[in-house]
Amino acid sequence: MKKKTSVPIACMVLLSVFALYSSIAQASPDEYFFKVVITIDAADTTGLEFLQGYAVPGMKEIGIDVEIDPVEYTMQMEMLRTQRKPYAEGGWDIQSTYLDIFSDPDQTLQYHSESVPPQGFNYMDYRSADSDQLLETGMSTFDPDERREVYQEFYKLILDELPVIPFYTVEGLHPFRAGIEGIETYAGERVANDDAWCAQFLTGIEGDTFHYAWDWDLDRFLPTFGYASTEGMFMRVFGTNIDGSVRPDLAETWEWAEGHSTLTIHLREDVKWSDGVPFNSTDVKYTYELIMNPDTGSPDYTRMTTMISSIETPDAHTVVLNILPEGRSPALEEVLSWRGMGILPAHVLADVPAEELSESVYNQEPGLVPVTGPYNMIEANTGEYYKWERNPEWPWGPWTTIGPKYVICHVISEKASALAALEAGEVHHISWWYAAETHYEYLEANPDIQLTTGLTDKADGLFINLNHPILCNKWVRKAIANAINSEAYVDDVRYGIGYPTSLPIRRVYWTMEDFPENHLIPYNLAEAKANMEKAGFDYDWLNPTTAVNPLYVGGFLVVGIAVGATIVFVITRVRKPR
Amino acid sequence: MFLLAYLAPGDPVTVFYLSRIGGRYSHAELDYIRQMLGLDQPIHIQYFRWIWRMIQGDFGQSYIWNQPVLPLIRSSILNTLRMMIPAFVLSILFGIVTGVISAAKQYSKTDHIVMASSLLMWSMPWFWSGLMAIYIFSVYLHLLPTGGMYTFGQPPTVVDQISHLIMPVLLYATSGAGFITRLTRSCMLEVLREDYIMTARMKGLKERVVIYKHALRNAILPVVTVVSLYVSYLVGGAAVIEFVFAWPGVGRLAVLAATQRDYPVVLGINMVVATVVLIALLIADISYAYLDPRIRY
């Protein structure tokens, strides 16, 4: 009889446990004050890992139910661009994505009331008179110290209001073959995909060629048309230091006129194009006018034409930019240091009509346009490789004694294949774009490989839709910031590569000098709950234990016993005749 | 096809400038780029513009690679053919021979081994087997290069190019051979049960003649049909193999173009591949007449 009844009894117990669980599960909605949806690029695996492992548990802990909605990247961008409504009304609540971080907050076009799309990137619909005033003051303040003070006030405001919640600043992992030296530039000087530029400082390479792998074709040769991967080819008038400050590159000095109506740039006199022709002010005038020509199709057209009215060249090494009233800002210096501002040789390109330049051979075939940078591309094979050669006219590189003569970029789209090429010694380096930090331990254990990290200009974070009826409350946003343990994420998942942050600004920027170091919003659930209470949410409302309905429990227990008893009855009745 | 390409969310400007460059350009600035590229026009205007240019032999300009589409596709297809033709020939030869042997020795040890290995070859995903091959033969044994068509920065030699071909070709060939083996075997078994095969054997014909002349010729028709469909792989490329072995073929180009919303390239590849597949099917239909004298056109 024991054997006969053991199965039904087990069924009864299981059903009763299931009944209890069901009754508790029925009560679970009462554990949360409200629900938000976080939209994320479905291909952003590290972002998803961060959300699932660190953001969502923390937010649930303080009573915010979260649903993650992975979407295709372009859909996410389209949503950010066009939707200002909350998710329930067809828009979005929170978007998890990367934030571009600049030294001048005004360059992000992200926090001014007039920067709501399509004008800028104020996706949050953040409208603050204080923020607008600080940004406008910062834009028109030329004294660096005063400007720093203004921006630090702005940072404090952003920290208090949190229209975006950054969590960690991304650092790139740069894997190299062991024995190569001079790779500090990867970590500091340049932060993007400019390996050809950085190659000039490398030593310890066997042979005269530095090989590296990158995941994408180098599609445009002239920087005027946006993304060109030609950092190592076309110098700009200004460059940017690691602290975000502007430095002269092709310029020697520069000065603003009284009233800032003109910017006079004195150019270096020792620069030559790689074909031996001297570089002069005509090249600068030609390039800037090309960008400002509506027929050219440069993405910097709008920005430049809203700042500069005309360009003059009083002599061969002086350029005078006449500035429009709305362009009278030190931010122009940084704009002129952007990648798209590489100076082109007028003596080669001036005869090509602006509307034809993009599709001309000069923008498609290597070796036709002389350069001022350290390397010039001499071979290009789409999908295969690109090859650069040292520019013999490069005036200020250290490579008369060091650095490889050639650089070859291998186009390898698949990350695992790139790692294999590095391990096999076919390439000396793979780009940080491969996000090799997911293989950190594996690579670190390989004695043939050395790893270095470098800053990027990106931070991961959350854009908050301030049109959401609850998220518009800054205490709720503060609570969310308090509830997410980004330090643990950086340490546990990213092997300490990157650092937690609460500001969309790189901490090494000159505008962050003397800024309080303890500005990081700490992971503190008690403080998070206190902030939720300041927002008007009472935790007495949430009591999961009292929310368990005894009627549910009793009802399911009765059903469980009845089903179990029926099974016992059927089994015993069926077995008796035997 | 045009409509499907354009129905995908986002556009090349969003993908290219925001994902590759970052958020430096405002949406107003991106709208200017759209205007320059003609992407601000209504879809039917874009469609008729594309059709008009296409019938003149101009497939347009790639938004992403900034090159005319046809030369871009042409060079990619040539790269793909360089890998696919030897792989294709190997897979057909190997697949038919092993399929015939397997059928002729049904339920023997040979048959079991051939069937098990063909199933394994056919089912192994390329992204896994490719990476395993790279790690074994390139990283650990240093016998073969990890990828690419030749060693960059050195004058290309025949030996160098063959060494780069070995892994992708064998991977594709074994996978294709696995499928053709199974197909040939089942077709052969069906034919071997026919009365005329028994008659041929009773006439005292040699088994080799029975198998290769009487059975195989009748069994090969379905194989020819399937093989002709495989031609789409020939020109369409095997994107996974091309990605894993950094092979600059048309499959890789198609995937990158689709993810980057490079409509002219996507449409161009579709047009070219569709045309080649139609031609291949036509050739297959014509070849039926040669293989089966009962068929007349």
# chains A, B, ... in the order shown; residues from 1 in each chain; ligands from 1

$ select_by_dssp --residues "stretch 43-109 of chain B" --states "helix (DSSP H, G or I)" --output "count of residues only"
50

$ interface_residues --of "chain A" --to "chain B" --cutoff "7 Å" --atoms "only C-alpha atoms" --output "list in words"
Thr74, Met75, Glu78, Asp100, Thr108, Pro117, Pro118, Gln119, Gly120, Phe121, Asp219, Arg220, Tyr227, Gly297, Pro299, Thr302, Glu359, Gln364, Gly383, Glu384, Ile412, Ser413, Glu414, Ser417, Ala420, Ala421, Glu423 and Ala424 of chain A

$ residues_around --residues "stretch 181-185 of chain B" --least-positions-apart "2" --cutoff "10 Å" --atoms "only C-alpha atoms" --output "count of residues only"
38

$ residues_around --residues "A:Ala483" --least-positions-apart "3" --cutoff "6 Å" --atoms "only C-alpha atoms" --output "ChimeraX atom specification"
/A:58-59,480,523,525,528

$ closest_residue --among "A:Ala565, A:Met79, A:Leu135, A:Ile242" --to "A:Tyr155" --atoms "only C-alpha atoms"
A:Leu135

$ residues_around --residues "B:Met124" --least-positions-apart "6" --cutoff "10 Å" --atoms "only C-alpha atoms" --output "CSV table (one decimal) with N, CA, C and O atoms, in the first residue's frame"
chain,number,residue,atom,x,y,z
B,130,GLY,N,35.3,25.9,-39.2
B,130,GLY,CA,36.3,26.8,-39.8
B,130,GLY,C,37.3,27.3,-38.7
B,130,GLY,O,38.5,27.3,-38.9
B,171,LEU,N,36.8,22.9,-46.6
B,171,LEU,CA,35.7,23.0,-45.7
B,171,LEU,C,34.4,23.0,-46.5
B,171,LEU,O,33.4,22.3,-46.2
B,174,THR,N,33.9,19.5,-48.4
B,174,THR,CA,33.5,18.4,-47.6
B,174,THR,C,32.0,18.6,-47.3
B,174,THR,O,31.3,17.6,-47.3
B,175,SER,N,31.6,19.8,-47.0
B,175,SER,CA,30.2,20.0,-46.7
B,175,SER,C,29.3,19.7,-47.9
B,175,SER,O,28.3,19.0,-47.7
